[in-house]
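Engineer: Sharing a structure with you now.
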Amino acid sequence: MVRGGKTARRRLRAGLGTVLGGCALVAGSVVPAAAHPAGHRTEYVALGDSYTSGPLIPRQVDANCARSDRNYPSLVAAGRRVGTFKDVSCSGATTAEMWRAQGTNGPQLDAVNRGTDLVTVQIGGNDVGFGSIIATCARLGTGDPTGNPCERSYRAAGYDELAVAVARTAPKVDRVLRAVRARAPHARVLLVGYPDLLPDDGSGCFPSVPFARGDFPYLRDTGKRVNLMLRLVAAWNRVEYVDTYGPTVGHDMCKAPAERWIEPLQPASPAAPAHPNERGEAAMATAVLDRLDRGHGRR
């Protein structure tokens, strides 16, 4: 698999046609990490945004990044009993924060080096504009709760602006993965997808989640398109993709407090709005651990 140059870019553009057209998912191959001597302790680095850092989930250990010690990287580190653990995930991070500081958090890629054995990456949601999309759709939904005002707004120019935003994010995530590979050529790299935020059957729950009835399936499909893009970019870079959407279906923000792993816009459990609560982080940790337990090259 070619990871750079014109050939890779042509494949990336071809794959984006799949993203925009909503075709079947593509599974990725992986590159085995170099063997380590007996007794070697894994050096693990976690990169990511607020879905990784776990804002408002007790106990918060970094106020600048709203990072919890119960987020999924912390649970993975405990589950794998790693030797060294660096969690530099930060709320609000985009792919740009891989190379630039975010308040007191330095460039996230600075934590990755040739001694790193394991890297998890969960990024791209803020590049697509998760926060602004939620705010826009909530505002429009209150004025037309039975229609699809958000979808109409994002398609007003004659094309789907959100599909374009997803497509434009793909090369940014691609660049991040290539940078990780360059800095840690022997590491096992996992690109982590995003969980299921809304009912998978397309049903709604206005007004507890104030999106218009017709916008629920549109936003669900947009979330799936983001994960499809991430899966494709993982495949092109020969890194492993971790599906967190499937394991969280049925626990979206429309469910009752006892059943949901994603909090709605007015959370009932300690978590940021439209973000995983502690159970959601645990579910993502389980998905990552399951992927690690399957071993290299196994789907």
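FYI, nothing fancy with the structure tokens labels: chains A, B, ... in order, residues from 1 per chain, ligands from 1 as they appear.
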Which residues, written as a list in words, have at least one atom at most 12 Å from Ala182 of chain A, with only C-alpha atoms counted and residues fewer than 2 positions away on the same chain left out?
Structural biologist: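 Surrounding residues, per the criterion: Arg3, Gly4, Leu109, Val112, Asn113, Arg114, Thr116, Arg175, Val176, Leu177, Arg178, Ala179, Val180, Ala184, Pro185, His186, Ala187, Val189 and Asn237 of chain A.
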Engineer: At a cut-off of 12 Å, using only C-alpha atoms, what residues contact Leu47 of chain A? Leave out same-chain residues fewer than 2 positions from it and give the result as an MDAnalysis selection string.
Structural biologist: chainID A and resid 44:45 49:53 65 67 72:74 85:91 93:95 97:99 105:112 118:124 176:177 180 189:192
Engineer: Please determine, counting only C-alpha atoms, which residue among A:Arg238, A:Arg139, A:Arg260, A:Arg155 has the shortest atom-to-atom distance to Leu198 of chain A.
Structural biologist: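 Between A:Arg238, A:Arg139, A:Arg260, A:Arg155, the residue approaching Leu198 of chain A most closely is A:Arg260.
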Engineer: Do a neighbour search on Pro207 of chain A at 9 Å with only C-alpha atoms, toss out local chain neighbours closer than 3 positions, and write the hits as an mmCIF file with C-alpha atoms, in the first residue's frame.
Structural biologist:
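Now in around_33.cif:
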data_model
loop_
_atom_site.group_PDB
_atom_site.id
_atom_site.type_symbol
_atom_site.label_atom_id
_atom_site.label_comp_id
_atom_site.auth_asym_id
_atom_site.auth_seq_id
_atom_site.Cartn_x
_atom_site.Cartn_y
_atom_site.Cartn_z
ATOM 1 C CA THR A 142 -37.206 24.668 17.561
ATOM 2 C CA PRO A 145 -39.953 20.576 14.890
ATOM 3 C CA GLY A 204 -36.241 11.412 16.979
ATOM 4 C CA PRO A 210 -34.221 19.628 20.059
ATOM 5 C CA PHE A 211 -33.620 18.538 16.484
ATOM 6 C CA ALA A 212 -36.509 18.487 14.018
#
Engineer: So which one's closest to Asp196 of chain A, A:Gly158, A:Pro58, A:Gly246, A:Gly141? Using only C-alpha atoms, please.
Structural biologist: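 Of A:Gly158, A:Pro58, A:Gly246, A:Gly141, the one nearest Asp196 of chain A, counting only C-alpha atoms, is A:Gly246.
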Engineer: Given the choices A:Asn277, A:Ala268, A:Asp215, A:Asp293, which gets closest to Ala138 of chain A if the distance is worked out from only C-alpha atoms?
Structural biologist: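 Closest to Ala138 of chain A, using only C-alpha atoms: A:Asp215.
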Engineer: Of the residues A:Pro264, A:Arg294, A:Val166, A:Ala46, which is the one nearest to Glu240 of chain A, using only C-alpha atoms?
Structural biologist: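 Going through A:Pro264, A:Arg294, A:Val166, A:Ala46 one by one, the smallest distance to Glu240 of chain A is for A:Arg294.
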Engineer: DSSP on the backbone: which residues in segment 87-163 of chain A end up as strand (DSSP E)? Give the answer as an mmCIF file with all heavy atoms, in the first residue's frame.
Structural biologist:
data_model
loop_
_atom_site.group_PDB
_atom_site.id
_atom_site.type_symbol
_atom_site.label_atom_id
_atom_site.label_comp_id
_atom_site.auth_asym_id
_atom_site.auth_seq_id
_atom_site.Cartn_x
_atom_site.Cartn_y
_atom_site.Cartn_z
ATOM 1 N N ASP A 87 -1.363 10.730 27.822
ATOM 2 C CA ASP A 87 -2.643 11.127 27.253
ATOM 3 C C ASP A 87 -2.590 12.628 27.004
ATOM 4 O O ASP A 87 -2.590 13.424 27.944
ATOM 5 C CB ASP A 87 -3.781 10.781 28.214
ATOM 6 C CG ASP A 87 -5.163 11.122 27.658
ATOM 7 O OD1 ASP A 87 -5.247 11.629 26.520
ATOM 8 O OD2 ASP A 87 -6.161 10.886 28.369
ATOM 9 N N LEU A 118 2.377 2.033 21.008
ATOM 10 C CA LEU A 118 0.938 2.023 20.769
ATOM 11 C C LEU A 118 0.436 3.461 20.714
ATOM 12 O O LEU A 118 0.747 4.264 21.606
ATOM 13 C CB LEU A 118 0.220 1.250 21.880
ATOM 14 C CG LEU A 118 -1.316 1.302 21.888
ATOM 15 C CD1 LEU A 118 -1.888 0.635 20.651
ATOM 16 C CD2 LEU A 118 -1.863 0.623 23.154
ATOM 17 N N VAL A 119 -0.340 3.773 19.673
ATOM 18 C CA VAL A 119 -0.942 5.099 19.536
ATOM 19 C C VAL A 119 -2.413 4.935 19.193
ATOM 20 O O VAL A 119 -2.752 4.183 18.267
ATOM 21 C CB VAL A 119 -0.264 5.935 18.425
ATOM 22 C CG1 VAL A 119 -0.887 7.335 18.346
ATOM 23 C CG2 VAL A 119 1.235 6.036 18.645
ATOM 24 N N THR A 120 -3.285 5.601 19.948
ATOM 25 C CA THR A 120 -4.687 5.711 19.542
ATOM 26 C C THR A 120 -4.932 7.151 19.128
ATOM 27 O O THR A 120 -4.435 8.094 19.757
ATOM 28 C CB THR A 120 -5.648 5.310 20.680
ATOM 29 O OG1 THR A 120 -5.399 6.101 21.849
ATOM 30 C CG2 THR A 120 -5.510 3.830 21.012
ATOM 31 N N VAL A 121 -5.699 7.309 18.055
ATOM 32 C CA VAL A 121 -6.011 8.628 17.507
ATOM 33 C C VAL A 121 -7.518 8.713 17.287
ATOM 34 O O VAL A 121 -8.106 7.831 16.644
ATOM 35 C CB VAL A 121 -5.297 8.861 16.154
ATOM 36 C CG1 VAL A 121 -5.534 10.281 15.661
ATOM 37 C CG2 VAL A 121 -3.812 8.554 16.236
ATOM 38 N N GLN A 122 -8.130 9.748 17.824
ATOM 39 C CA GLN A 122 -9.551 10.013 17.565
ATOM 40 C C GLN A 122 -9.671 11.496 17.270
ATOM 41 O O GLN A 122 -9.662 12.329 18.173
ATOM 42 C CB GLN A 122 -10.415 9.617 18.760
ATOM 43 C CG GLN A 122 -11.918 9.701 18.492
ATOM 44 C CD GLN A 122 -12.733 9.272 19.700
ATOM 45 O OE1 GLN A 122 -12.446 9.654 20.822
ATOM 46 N NE2 GLN A 122 -13.757 8.460 19.463
#
Engineer: Which one of A:Gly280, A:Gly143, A:Gly193, A:Gly131 sits closest to Leu265 of chain A if you count only C-alpha atoms?
Structural biologist: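 That would be A:Gly131, the residue with the smallest distance to Leu265 of chain A.
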